[in-house]
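K.L.:
This is entry-v4.txt (compact mmCIF, C-alpha atoms).
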```txt
# COMPACT_ATOMS: atom_id res chain seq x y z
CA MET A 116 0.00 0.00 0.00
CA PRO A 117 1.44 3.41 -0.93
CA ASN A 118 2.51 5.57 1.99
CA PRO A 119 1.00 9.06 1.59
CA SER A 120 3.53 10.56 4.02
CA VAL A 121 6.50 10.03 1.68
CA PRO A 122 7.10 10.94 -1.99
CA ALA A 123 5.32 8.55 -4.35
CA PHE A 124 8.51 7.73 -6.25
CA PHE A 125 9.86 5.86 -3.21
CA ASP A 126 7.57 2.98 -4.20
CA GLU A 127 8.70 3.20 -7.83
CA ALA A 128 12.40 2.78 -7.06
CA PRO A 129 13.75 -0.70 -7.91
CA PRO A 130 13.61 -3.11 -4.96
CA VAL A 131 16.43 -5.38 -3.78
CA LEU A 132 15.57 -9.00 -3.06
CA MET A 133 17.73 -10.80 -0.50
CA ARG A 134 17.74 -14.28 1.04
CA ASP A 135 18.72 -14.42 4.69
CA PRO A 136 19.34 -17.93 6.11
CA LEU A 137 18.99 -16.60 9.66
CA ALA A 138 15.56 -15.18 8.85
CA ALA A 139 14.61 -18.56 7.39
CA LEU A 140 15.80 -20.44 10.47
CA LEU A 141 13.88 -18.21 12.86
CA GLY A 142 10.74 -18.02 10.76
CA ALA A 143 11.00 -14.30 10.06
CA ALA A 144 10.39 -14.78 6.33
CA GLU A 145 9.40 -17.75 4.20
CA GLY A 146 12.58 -19.22 2.78
CA GLY A 147 14.40 -16.25 4.28
CA VAL A 148 13.52 -14.15 1.24
CA MET A 149 12.90 -10.48 2.00
CA GLN A 150 12.40 -7.48 -0.24
CA TYR A 151 14.11 -4.22 0.61
CA ARG A 152 13.00 -0.91 -0.87
CA TYR A 153 14.42 2.58 -0.97
CA ALA A 154 11.95 3.63 1.71
CA ASP A 155 13.67 1.18 4.09
CA ALA A 156 16.97 2.95 3.49
CA VAL A 157 15.30 6.30 4.13
CA ARG A 158 13.80 5.07 7.40
CA LEU A 159 17.21 3.87 8.53
CA ALA A 160 19.09 7.01 7.47
CA GLY A 161 16.29 9.32 8.59
CA HIS A 162 16.36 11.29 5.36
CA SER A 163 16.37 10.98 1.56
CA CYS A 164 19.28 12.50 -0.31
CA PRO A 165 21.54 11.79 -3.30
CA THR A 166 24.10 10.12 -1.02
CA VAL A 167 21.56 7.66 0.38
CA ALA A 168 20.09 7.03 -3.07
CA GLY A 169 23.56 6.60 -4.56
CA ALA A 170 24.58 4.10 -1.89
CA TYR A 171 21.35 2.16 -2.44
CA LEU A 172 21.96 1.96 -6.19
CA ALA A 173 25.65 1.14 -5.76
CA VAL A 174 24.97 -1.81 -3.47
CA ARG A 175 22.19 -2.98 -5.77
CA GLY A 176 24.58 -2.84 -8.72
CA GLY A 177 27.29 -4.68 -6.81
CA LEU A 178 24.94 -7.45 -5.75
CA ARG A 179 23.76 -7.93 -9.32
CA ALA A 180 27.36 -8.15 -10.49
CA LEU A 181 28.25 -10.72 -7.82
CA TYR A 182 25.14 -12.90 -7.99
CA GLY A 183 23.67 -12.42 -11.45
CA ASP A 184 20.18 -13.92 -11.53
CA GLU A 185 20.61 -15.58 -8.11
CA ILE A 186 19.07 -14.03 -5.01
CA PRO A 187 22.00 -12.62 -2.99
CA GLU A 188 22.61 -14.17 0.40
CA ARG A 189 22.37 -11.66 3.22
CA GLY A 190 25.08 -12.24 5.81
CA ASN A 191 27.44 -13.74 3.23
CA ILE A 192 28.82 -10.41 2.02
CA GLU A 193 31.62 -8.20 3.28
CA VAL A 194 31.34 -4.43 2.85
CA HIS A 195 34.53 -2.39 2.49
CA MET A 196 34.27 1.41 2.67
CA ARG A 197 37.10 3.44 1.16
CA ASP A 198 36.99 6.25 3.71
CA ALA A 199 37.22 6.31 7.49
CA ARG A 200 33.99 5.85 9.40
CA ASP A 201 33.94 9.51 10.45
CA HIS A 202 34.80 10.92 7.03
CA GLY A 203 32.31 13.14 5.23
CA ALA A 204 29.29 11.27 3.90
CA THR A 205 30.66 7.79 4.70
CA GLY A 206 27.88 7.32 7.24
CA GLY A 207 25.19 7.21 4.57
CA GLY A 208 26.79 4.36 2.69
CA ALA A 209 27.81 2.65 5.89
CA ALA A 210 24.15 2.57 6.91
CA VAL A 211 22.57 1.54 3.62
CA ALA A 212 25.07 -1.18 2.71
CA PRO A 213 24.65 -3.09 6.00
CA LEU A 214 20.86 -2.78 5.74
CA LEU A 215 20.91 -4.69 2.46
CA THR A 216 23.85 -7.05 3.04
CA GLY A 217 23.60 -7.67 6.78
CA ALA A 218 27.28 -6.78 7.22
CA ALA A 219 28.14 -5.15 10.54
CA ALA A 220 31.23 -3.82 12.29
CA GLU A 221 32.59 -5.18 15.56
CA THR A 222 29.34 -4.40 17.38
CA GLY A 223 27.19 -6.60 15.12
CA PHE A 224 25.36 -9.86 15.80
CA GLN A 225 27.85 -12.43 17.11
CA GLY A 226 26.01 -15.45 15.77
CA ILE A 227 24.34 -18.53 17.23
CA GLY A 228 26.12 -21.15 19.31
CA ARG A 229 29.81 -21.53 20.01
CA ALA A 230 30.63 -21.56 16.34
CA GLY A 231 28.90 -18.21 15.88
CA LYS A 232 26.79 -19.41 12.99
CA PHE A 233 25.10 -16.57 11.05
CA ALA A 234 27.47 -14.03 12.64
CA ARG A 235 27.32 -10.57 11.09
CA ARG A 236 30.01 -8.78 13.08
CA ASN A 237 33.37 -7.86 11.54
CA LEU A 238 31.97 -7.84 8.01
CA LEU A 239 32.00 -4.04 7.65
CA PHE A 240 35.38 -2.38 7.15
CA PHE A 241 36.55 1.23 6.82
CA GLY A 242 39.64 2.79 5.28
CA ALA A 243 39.86 0.04 2.68
CA PRO A 244 42.57 0.26 -0.03
CA ILE A 245 40.13 0.33 -2.95
CA ASP A 246 39.60 2.56 -5.97
CA GLY A 247 35.85 2.98 -5.56
CA LEU A 248 33.63 4.42 -2.88
CA LEU A 249 32.94 0.95 -1.52
CA ALA A 250 33.46 -2.68 -2.39
CA LEU A 251 31.54 -5.89 -1.81
CA ARG A 252 33.00 -9.37 -1.45
CA ARG A 253 31.25 -12.74 -1.27
CA ARG A 254 32.49 -14.79 1.66
CA ASP A 255 31.77 -18.12 -0.02
CA SER A 256 33.59 -17.57 -3.32
CA GLY A 257 35.91 -14.64 -2.53
CA ARG A 258 34.61 -12.76 -5.57
CA GLY A 259 34.48 -9.01 -5.17
CA VAL A 260 33.54 -5.82 -6.97
CA GLN A 261 34.44 -2.19 -6.45
CA LEU A 262 31.74 0.45 -6.78
CA ASP A 263 31.97 4.15 -7.43
CA LEU A 264 29.48 6.93 -8.11
CA ASP A 265 29.57 9.79 -10.58
CA MET A 266 26.96 12.12 -9.14
CA THR A 267 27.47 14.62 -11.96
CA ARG A 268 25.38 12.28 -14.11
CA VAL A 269 22.30 13.60 -12.30
CA ALA A 270 22.84 17.25 -11.58
CA GLY A 271 20.75 19.25 -9.16
CA ASP A 272 18.54 22.09 -10.35
CA PRO A 273 20.61 25.34 -10.63
CA GLU A 274 17.98 27.11 -8.53
CA MET A 275 19.08 25.11 -5.50
CA ALA A 276 22.31 27.08 -5.30
CA SER A 277 20.42 30.21 -4.23
CA LEU A 278 17.84 28.41 -2.10
CA PHE A 279 20.19 26.20 -0.07
CA PRO A 280 21.90 28.99 1.95
CA LYS A 281 18.55 30.53 2.82
CA VAL A 282 17.08 27.21 3.95
CA ILE A 283 20.13 26.38 6.08
CA ALA A 284 20.10 29.86 7.65
CA ASP A 285 16.36 29.55 8.43
CA ILE A 286 15.57 32.69 6.47
CA ALA A 287 13.70 31.04 3.58
CA SER A 288 9.99 31.63 3.29
CA ALA A 289 7.64 28.68 3.63
CA GLU A 290 7.18 28.67 -0.15
CA GLU A 291 10.93 28.74 -0.75
CA ALA A 292 11.56 25.92 1.73
CA GLN A 293 8.86 23.80 0.11
CA HIS A 294 10.25 24.50 -3.35
CA PHE A 295 13.77 23.60 -2.20
CA ALA A 296 12.56 20.28 -0.77
CA ALA A 297 10.75 19.49 -4.01
CA LEU A 298 13.86 20.20 -6.09
CA TRP A 299 16.01 18.16 -3.70
CA GLN A 300 13.78 15.11 -3.93
CA ASP A 301 13.43 15.50 -7.70
CA ARG A 302 17.15 14.88 -8.06
CA VAL A 303 16.81 11.78 -5.90
CA ARG A 304 13.86 10.67 -8.02
CA ARG A 305 15.80 11.04 -11.24
CA MET A 306 18.65 8.98 -9.81
CA LEU A 307 16.40 6.15 -8.65
CA ILE A 308 13.93 6.07 -11.53
CA GLU A 309 15.64 7.44 -14.62
CA HIS A 310 19.22 6.36 -13.85
CA ALA A 311 18.77 3.19 -11.79
CA ASP A 312 20.66 1.13 -14.38
CA ASP A 313 22.96 3.88 -15.61
CA HIS A 314 26.45 2.34 -15.68
CA ALA A 315 27.96 5.80 -15.81
CA LEU A 316 26.29 6.71 -12.50
CA VAL A 317 27.20 3.48 -10.72
CA ARG A 318 30.57 2.26 -11.92
CA VAL A 319 31.28 -1.39 -11.24
CA SER A 320 34.83 -2.69 -11.59
CA ALA A 321 36.54 -5.98 -10.85
CA TRP A 322 38.21 -6.59 -7.51
CA PRO A 323 40.71 -9.47 -7.39
CA ALA A 324 39.11 -12.55 -5.82
CA LEU A 325 40.40 -13.96 -2.56
CA SER A 326 41.03 -17.66 -2.18
CA THR A 327 38.45 -19.33 0.04
CA GLN A 328 40.66 -22.35 0.65
```
Please render this file's structure as structure tokens.

P.N.:
Amino acid sequence: MPNPSVPAFFDEAPPVLMRDPLAALLGAAEGGVMQYRYADAVRLAGHSCPTVAGAYLAVRGGLRALYGDEIPERGNIEVHMRDARDHGATGGGAAVAPLLTGAAAETGFQGIGRAGKFARRNLLFFGAPIDGLLALRRRDSGRGVQLDLDMTRVAGDPEMASLFPKVIADIASAEEAQHFAALWQDRVRRMLIEHADDHALVRVSAWPALSTQ
């Protein structure tokens, strides 16, 4: 059912289907299959912006590259962020990527039993020596991909340059603030709807596989 409290295009953005063995074991989802949508990323981040949308599309693109037509296995994927955890907009990607992949840092789920089955901790890394913004690696096969974003592919409306300072300084009128928000979300919409499969927006490159032996 559409949610009238959020922009309608949230429901039009491409979903990400994941299979989580832990969810299957505990009866949280039939077969462990769960569908994630952009609105889930927004709820986690608390806002909708090009960074959140870009991270969502980047992880989606990486999963498709690693799994093809298979449903990706949540909890079986490492996430490597290029920048430090407190650097710039790293937080957006470091929130969205774990949502979809299940990867967590040292504070994550430690698993079940002594063997720590289904553990999710220590699968999220920062300051990784990669060329892209982030990278994903399958734990079962060692295959990995690097992902980068070219945000210039979807430029913001030029009018935002004059509106942004006024909105931040709390001197914009109600009409100006509303117009700014509409322009802001329109850029996000264009990224998610018109450029969801744009290989120039989300750049996927090979990352040497690790031996799983």

K.L.:
Output as JSON lines one row per residue of stretch 239-280 of chain A within 8 Å of stretch 198-220 of chain A: the closest atom pair and its distance in Å to one decimal place, counting only C-alpha atoms, sorted by chain and residue number ascending.

P.N.:
```
{"residue": "A:Leu239", "atom": "CA", "partner": "A:Ala220", "partner_atom": "CA", "distance": 4.7}
{"residue": "A:Phe240", "atom": "CA", "partner": "A:Ala220", "partner_atom": "CA", "distance": 6.8}
{"residue": "A:Phe241", "atom": "CA", "partner": "A:Ala199", "partner_atom": "CA", "distance": 5.2}
{"residue": "A:Gly242", "atom": "CA", "partner": "A:Asp198", "partner_atom": "CA", "distance": 4.6}
{"residue": "A:Ala243", "atom": "CA", "partner": "A:Asp198", "partner_atom": "CA", "distance": 6.9}
{"residue": "A:Leu248", "atom": "CA", "partner": "A:Asp198", "partner_atom": "CA", "distance": 7.6}
```

K.L.:
Hey, can you check how far atom CA of A:Arg189 sits from atom CA of A:Asp135?

P.N.:
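That distance, rounded to one decimal, is 4.8 Å.
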
K.L.:
Find the residues near stretch 270-272 of chain A: any atom within 9 Å, counting only C-alpha atoms, skip ones fewer than 4 places away on the same chain, and give them as a PyMOL selection string.

P.N.:
chain A and resi 266+276+298-299+301-302

K.L.:
Nearest residue to A:Ile227 out of A:Ala297, A:Leu132, A:Leu140, A:Val260, using only C-alpha atoms?

P.N.:
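Among A:Ala297, A:Leu132, A:Leu140, A:Val260, it is A:Leu140 that comes nearest to A:Ile227.
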
K.L.:
Please report the interatomic distance between atom CA of A:Gly228 and atom CA of A:Glu145 in Å with one decimal.

P.N.:
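Computing it gives 22.8 Å between the two atoms.
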
K.L.:
Between atom CA of A:Gly231 and atom CA of A:Arg254, measure the distance and give it in Å to one decimal.

P.N.:
15.1 Å

K.L.:
If we count only C-alpha atoms, what is near stretch 169-171 of chain A at a cut-off of 12 Å, once residues fewer than 6 positions away on the same chain are taken out, given as a PyMOL selection string?

P.N.:
chain A and resi 128-131+151-157+159-160+163+177-178+194+196+204-216+247-250+262-269+302-308+310-313+316-318

K.L.:
Which is closest to A:Arg175 among A:Met133, A:Ala289, A:Ala123, A:Ala315, if we use all atoms listed in the file?

P.N.:
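Of all the options, A:Met133 lies closest to A:Arg175.
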
K.L.:
Could you tell me which of A:Ser256, A:Asn191, A:Gln300, A:Ser277 comes closest to A:Leu238 if we count only C-alpha atoms?

P.N.:
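That would be A:Asn191, the residue with the smallest distance to A:Leu238.
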
K.L.:
Name the closest residue to A:Phe224 among the candidates A:Arg236, A:Glu193, A:Pro187, A:Gln150; distances are taken between atoms, counting all atoms listed in the file.

P.N.:
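With all atoms listed in the file as the atom set, the closest residue is A:Arg236.
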
K.L.:
Between A:Leu251, A:Phe295, A:Ala287, A:Gly183, which is the closest to A:Met275 once you count all atoms listed in the file?

P.N.:
A:Phe295

K.L.:
Considering only C-alpha atoms, can you say which of A:Ala292, A:Ala144, A:Phe125, A:Ala138 comes closest to A:Cys164?

P.N.:
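Distance minimum relative to A:Cys164 lands on A:Phe125.
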
K.L.:
Please list as a list in words every residue within 12 Å of A:Glu290, counting all atoms listed in the file and excluding residues in the same chain fewer than 6 positions away.

P.N.:
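In the requested form, the answer reads Leu278, Lys281, Val282, Ala296 and Ala297 of chain A.
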
K.L.:
Take stretch 276-287 of chain A, bring it up to all heavy atoms, and give me the output as a CSV table (one decimal), in the frame of the given file.

P.N.:
```
chain,number,residue,atom,x,y,z
A,276,ALA,N,21.1,26.4,-5.8
A,276,ALA,CA,22.3,27.1,-5.3
A,276,ALA,C,21.9,28.3,-4.5
A,276,ALA,O,22.6,28.7,-3.6
A,276,ALA,CB,23.2,27.4,-6.5
A,277,SER,N,20.9,29.0,-4.9
A,277,SER,CA,20.4,30.2,-4.2
A,277,SER,C,19.5,29.9,-3.1
A,277,SER,O,19.4,30.6,-2.1
A,277,SER,CB,19.7,31.2,-5.2
A,277,SER,OG,18.6,30.6,-5.8
A,278,LEU,N,18.8,28.8,-3.2
A,278,LEU,CA,17.8,28.4,-2.1
A,278,LEU,C,18.5,27.8,-0.9
A,278,LEU,O,18.1,28.0,0.2
A,278,LEU,CB,16.8,27.5,-2.7
A,278,LEU,CG,15.8,28.0,-3.6
A,278,LEU,CD1,14.9,26.9,-4.2
A,278,LEU,CD2,14.9,29.1,-2.9
A,279,PHE,N,19.6,27.0,-1.1
A,279,PHE,CA,20.2,26.2,-0.1
A,279,PHE,C,20.7,27.1,1.1
A,279,PHE,O,20.4,26.8,2.3
A,279,PHE,CB,21.3,25.4,-0.6
A,279,PHE,CG,22.0,24.5,0.4
A,279,PHE,CD1,21.3,23.3,0.8
A,279,PHE,CD2,23.2,24.8,0.9
A,279,PHE,CE1,21.9,22.5,1.7
A,279,PHE,CE2,23.8,23.9,1.8
A,279,PHE,CZ,23.2,22.8,2.2
A,280,PRO,N,21.4,28.2,0.8
A,280,PRO,CA,21.9,29.0,2.0
A,280,PRO,C,20.8,29.6,2.8
A,280,PRO,O,20.8,29.7,4.0
A,280,PRO,CB,22.7,30.1,1.3
A,280,PRO,CG,23.1,29.5,-0.1
A,280,PRO,CD,21.9,28.7,-0.5
A,281,LYS,N,19.7,29.9,2.1
A,281,LYS,CA,18.6,30.5,2.8
A,281,LYS,C,17.8,29.5,3.7
A,281,LYS,O,17.4,29.8,4.8
A,281,LYS,CB,17.6,31.1,1.8
A,281,LYS,CG,18.2,32.3,1.0
A,281,LYS,CD,17.2,32.7,-0.1
A,281,LYS,CE,16.0,33.5,0.5
A,281,LYS,NZ,15.2,34.1,-0.5
A,282,VAL,N,17.7,28.3,3.2
A,282,VAL,CA,17.1,27.2,4.0
A,282,VAL,C,17.9,26.9,5.2
A,282,VAL,O,17.4,26.7,6.3
A,282,VAL,CB,16.9,26.0,3.1
A,282,VAL,CG1,16.4,24.8,3.9
A,282,VAL,CG2,15.8,26.3,2.0
A,283,ILE,N,19.2,26.7,5.0
A,283,ILE,CA,20.1,26.4,6.1
A,283,ILE,C,20.2,27.5,7.2
A,283,ILE,O,20.2,27.2,8.4
A,283,ILE,CB,21.6,26.1,5.6
A,283,ILE,CG1,21.6,24.9,4.7
A,283,ILE,CG2,22.5,25.9,6.7
A,283,ILE,CD1,21.1,23.6,5.4
A,284,ALA,N,20.1,28.7,6.7
A,284,ALA,CA,20.1,29.9,7.6
A,284,ALA,C,18.7,30.2,8.3
A,284,ALA,O,18.6,31.1,9.0
A,284,ALA,CB,20.7,31.1,6.9
A,285,ASP,N,17.7,29.4,7.9
A,285,ASP,CA,16.4,29.6,8.4
A,285,ASP,C,15.8,30.9,8.1
A,285,ASP,O,15.0,31.5,8.9
A,285,ASP,CB,16.3,29.4,10.0
A,285,ASP,CG,16.6,27.9,10.4
A,285,ASP,OD1,16.2,27.0,9.6
A,285,ASP,OD2,17.2,27.7,11.4
A,286,ILE,N,16.1,31.4,6.9
A,286,ILE,CA,15.6,32.7,6.5
A,286,ILE,C,14.7,32.5,5.2
A,286,ILE,O,14.2,33.5,4.7
A,286,ILE,CB,16.7,33.8,6.2
A,286,ILE,CG1,17.6,33.3,5.1
A,286,ILE,CG2,17.4,34.1,7.5
A,286,ILE,CD1,18.7,34.3,4.8
A,287,ALA,N,14.5,31.3,4.8
A,287,ALA,CA,13.7,31.0,3.6
A,287,ALA,C,12.2,31.1,4.0
A,287,ALA,O,11.8,30.8,5.1
A,287,ALA,CB,14.0,29.7,3.0
```
